[in-house]
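Here's the structure we're looking at; comments come further down.
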Amino acid sequence: MMLQKMQHEIMCCTGCGFCKKSCPIYEITGKEVDSGKGKVLLAYGILKGEIKEDESVVKAFQNCALCMRCEQDCPSLIQIDAIIQTARRDMKTMLPSHKKIMDFVTNFGNPFGEKVIKGREGGNIAYFAGCIASYKEKNIKEATLSIFEKLNIDVTILDAICCGNPLEHIGKENKSIKKIENELKKKEIKKIIFSCPNCMKSFAPLSEKYEIMHITQFLLNIPKIKPFGKKMIYHDSSILARYLGIYDEPRILLQKAGKFLEFDENKEIAKCCGSDLAFSTAFPEMAEKMAEKIVEEARKKNAVIVTASPHCYSHLKKYGEVMDIAEVIKKCLNSG
Amino acid sequence: MLSDVLQKLAKIVGDENVLSSPADLYAYGFDASIHHAMPDVVLKVSNSNQVEKIVKLAYEEEIPIIPRGAGTALCGQCIPIHGGIILDMTAMNAIKEVRVEDLYCVVEPGVIYEKLNRELAKENFFFPPTPGSGDVCTIGGMVAVNASGMRAIKYGATRDYVLGMEVVLPNGKKVHFGTRTIKNSSGYQLERLMVGSEGTLGVITEVTIRILPLPEKRAVALASFPSLEKAGEGVANIIASSLLPSGLEIMDSVCIQAVNKAMNIGLPQAEAVLLVEVDGAESVVKRDVVKVAEICKKSGATSVKFAYESEEMLKLWKGRKGVLPSLSRYGEKMVSVSLADDMSVPISNIPKAIMSFQKVAKKYGIIIGTYGHAGDGNLHTKVLIDPLAEKSWEKAEKAVDEIYKAVLSLGGTVSGEHGIGISKAPWMQKERKEMLSVMEAIKKAIDPKNIMNPGKMMQWKGSIIAYVRYPVIP
């Protein structure tokens, strides 16, 4: 059982319940098992054999957007996110929507069952658009490529195959990243740029061989651009912000495009919009309620939401006005 | 539980508020104590009418009922050791009235302490007890255990603010205790009896709470001492002076080392530190914090820092707030468990109490960090053990026994603010030997079928190393 390696970590949880304070799921359901504490202690029950895997247990571990908001409030610094993901690895049954993602990734190389879009050879800087920007929200990929073009950067576009993040989040082994690594070996790549924070998270094992960076980090030093003209509000992606620690770069970049607003809860304590693919496909109603909170605040502040994650973009656009940061930069560059 | 009872319960609260899946039952079996046991069913209630119907049914069927707020109790108060129904009160979270002109507010039991204070602050008022779990704990839970915190020295405990309440008694009858007036000499103070009753006498469905105006300003002083005795003198001298701090906290060397090791915030390498908070009008606060610093220096403090601004104050408080996480990360195999967690002694006996705890720790090869509310004599110990080591729980229980013997010999009590539940029951029974029969008689009179949170406090029998959530290796 993989949870065995988390035993000490779980036992360090004093059960104080501070993780409930801002958990977006617990806030909606008010059920103990939906909080960080509930899941951490449930994991211990599985480890000790006090409770057996059944539908309620599988759903309990999966009903979490892995946003890590709870870890900001944990006084014992418990790795709640890692415990939940490890517990998912130990579950044998899969939710139907996860089975579909798994089958698509296995058979088609992407979670949407689309024909793989091939890349394009270029210089030693590579761009990994990710599945959402490649197959669903193509405007993000187009905007990003147009920025590269405007900046005269000849990027190598990597094949749009799944980075394995959805599988990892479901609780399955990420076999994709090895395949991607083998493909990369055939190319002269030094640096890889991402639109999607989740993809960037998956590429962590390759970070010693390649410089990996988010598009907002790459564009940090672009010259002065024209103002965007509309009131913007920046939404932190949980993975980009709390997981990868990228808080400032998108803000510095947006600042160049004019003034932007912050959500009442931002940066480390930003609210999660529920966009994680594994989560939002399995718990669409919950994910909708989470997104609506973000959209409602933006609406009240009369601002367009700007995100730096295709996951957040794709999810939030169902409920309100949203733009990817690359679209904003593209517009400001073009008018410059 | 019989399926027809479950059906009746579902009719009362609605199917969606009946939780009976294995995952739900398992997760609701915890609080923040060392214990765990599973209920038969969890009901999320939304009003007192539902509570009345549920309790009436439970009374007829003789099913245990355990009211539960946020589940932050440290001694097993809401662990369903005899199964039964957990009543999750957190959805009853309305602030019904805030009447600053009458100095009270009326709330449902599921209101979170911090949220209430955020509302009250809009009117420049507050509910002062300040429990450490205030960000998440509920008012109902605070009343059930008579919770308090670092400001008790000046502002007292939850008990001191409860004016009245609505309670569903074990027979299912809804009654009102107390008043909405600041003063009340009208008969038995039954609302006070409910405070600290830990869910054994009825279900609290509404509380009327006295509120106070917020102080204009706060300031904090941090003083380090070369010995516990000197720190103790500092405490005694501050108390004996005419000023009344709003907080007076102590940390021993184990806690200081732990915080410095884990958080690297450079607390002074001292045998003890005191953190002293004063509040009130700005001019008074400025005068008092300087006075505190002078008293500390005269009492032998080697250094004193102080701050008026909230950011600087937060820096000083950071060390105190970091004690808990730092101790829980103290050693590779050690974990911090809630045992002997909140004893109280007469204020001047604090140094003696801490020194005796350190002796006990040495004797049993465990680590005990002591910190807490020196100003009101209430200490917190964190017992660190390797739960997977042979006999570690047996040793811990013996250590706890010696700790409480020391506390009682110093004229103290086993619980200052967390309550009894399971983890402190045997020692409460020793401490309050003479009143146990009265407690039993009251319990029997109000709850003849013993359905309300049975088996806790005076009813607990035997070792506390029972229903333990960690592995216990004999």
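Identifiers in this document derive from the order of the structure tokens: chains are assigned A, B, ..., residues are numbered from 1 separately in each chain, and ligands are numbered from 1 in order of occurrence.
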Show which residues sit within 9 Å of Gly421 of chain B, as a ChimeraX atom specification. Count only C-alpha atoms, and ignore same-chain residues fewer than 5 positions away. /B:73-79,198,455-457,460
Selected residues, C-alpha atoms, written as a JSON list (two decimals), in the first residue's frame, please.
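Output (selection_17.json):
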```
[["chain", "number", "residue", "atom", "x", "y", "z"],
["B", 73, "ALA", "CA", -12.60, 19.09, 21.13],
["B", 74, "LEU", "CA", -9.33, 17.83, 22.54],
["B", 75, "CYS", "CA", -10.51, 15.17, 24.99],
["B", 76, "GLY", "CA", -12.98, 13.00, 23.09],
["B", 77, "GLN", "CA", -16.14, 14.92, 23.99],
["B", 78, "CYS", "CA", -17.84, 14.16, 20.67],
["B", 79, "ILE", "CA", -16.55, 10.62, 20.13],
["B", 198, "GLU", "CA", -20.29, 18.48, 27.23],
["B", 455, "GLY", "CA", -20.07, 7.24, 28.99],
["B", 456, "LYS", "CA", -18.22, 10.55, 29.31],
["B", 457, "MET", "CA", -16.89, 12.55, 32.30],
["B", 460, "TRP", "CA", -16.06, 6.99, 32.10]]
```
Return as a count of residues only the residues belonging to chain A that are within 10 Å of chain B, counting only C-alpha atoms. 50
May I have the residues within 9 Å of segment 128-136 of chain A as a PyMOL selection string, using only C-alpha atoms and disregarding those fewer than 3 positions away in the same chain? chain A and resi 110-112+114+116-117+139-142+144+156-163+192-196+198-200+310-311+314
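Nearest to Lys115 of chain B of all the residues B:Met355, B:Glu97, B:Leu379, B:Ile139 is B:Ile139, counting only C-alpha atoms.
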What's around Thr158 of chain B at 10 Å? Count only C-alpha atoms, leave out sequence neighbours fewer than 5 positions away in its own chain, and write the answer as a VMD selection string. chain B and resid 127 to 131 139 142 to 149 152 195 to 196 209 to 210 417
Pull the strand (DSSP E) assignments for segment 100-194 of chain A out of DSSP run on the backbone, and list those residues as a VMD selection string. chain A and resid 125 to 128 156 to 157 191 to 194
Let me see the file: selected residues, N, CA and C atoms, as an mmCIF file, in the first residue's frame.
```
data_model
loop_
_atom_site.group_PDB
_atom_site.id
_atom_site.type_symbol
_atom_site.label_atom_id
_atom_site.label_comp_id
_atom_site.auth_asym_id
_atom_site.auth_seq_id
_atom_site.Cartn_x
_atom_site.Cartn_y
_atom_site.Cartn_z
ATOM 1 N N ILE A 125 14.079 26.505 -28.118
ATOM 2 C CA ILE A 125 13.038 26.786 -27.136
ATOM 3 C C ILE A 125 11.771 26.062 -27.580
ATOM 4 N N ALA A 126 11.230 25.241 -26.665
ATOM 5 C CA ALA A 126 10.039 24.468 -27.040
ATOM 6 C C ALA A 126 8.800 25.020 -26.334
ATOM 7 N N TYR A 127 7.672 24.853 -26.986
ATOM 8 C CA TYR A 127 6.398 25.253 -26.379
ATOM 9 C C TYR A 127 5.518 24.014 -26.244
ATOM 10 N N PHE A 128 5.065 23.766 -25.010
ATOM 11 C CA PHE A 128 4.149 22.649 -24.765
ATOM 12 C C PHE A 128 2.799 23.251 -24.417
ATOM 13 N N THR A 156 9.984 25.555 -31.093
ATOM 14 C CA THR A 156 9.617 24.200 -31.488
ATOM 15 C C THR A 156 8.302 23.896 -30.776
ATOM 16 N N ILE A 157 7.290 23.525 -31.544
ATOM 17 C CA ILE A 157 6.019 23.178 -30.898
ATOM 18 C C ILE A 157 6.004 21.668 -30.678
ATOM 19 N N LYS A 191 14.961 24.715 -23.402
ATOM 20 C CA LYS A 191 13.977 25.350 -22.542
ATOM 21 C C LYS A 191 12.579 24.929 -22.995
ATOM 22 N N ILE A 192 11.674 24.658 -22.027
ATOM 23 C CA ILE A 192 10.293 24.306 -22.410
ATOM 24 C C ILE A 192 9.331 25.289 -21.737
ATOM 25 N N ILE A 193 8.459 25.857 -22.553
ATOM 26 C CA ILE A 193 7.522 26.863 -22.034
ATOM 27 C C ILE A 193 6.097 26.290 -22.040
ATOM 28 N N PHE A 194 5.371 26.585 -20.970
ATOM 29 C CA PHE A 194 4.029 26.012 -20.796
ATOM 30 C C PHE A 194 2.955 27.095 -20.702
#
```
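Across the structure, atom CA of Ile295 of chain B and atom CA of Asp342 of chain B are spaced 27.1 Å apart.
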Which is closest to Lys271 of chain A among A:Asp236, A:Glu285, A:Glu292, A:Glu149, if we use only C-alpha atoms? A:Asp236
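If you look at atom CA of Arg180 of chain B and atom CA of Val100 of chain B, they are 12.3 Å away from each other.
With only C-alpha atoms as the basis for measurement, B:Val45 is the residue among B:Ile81, B:Ala361, B:Val45, B:Met251 that approaches Asn93 of chain B most closely.
Closest approach to Ile147 of chain A among A:Ile177, A:Ala298, A:Met2, A:Ile222: A:Ile222, based on only C-alpha atoms.
Ranking B:Ser48, B:Ser415, B:Phe357, B:Lys305 by their shortest atom-to-atom distance to Ile12 of chain B, with only C-alpha atoms included, puts B:Ser48 first.
Of the residues listed (B:Glu249, B:Asp341, B:Glu206, B:Glu166), B:Glu249 shows the shortest atom-to-atom separation from Ala221 of chain B; distances use only C-alpha atoms.
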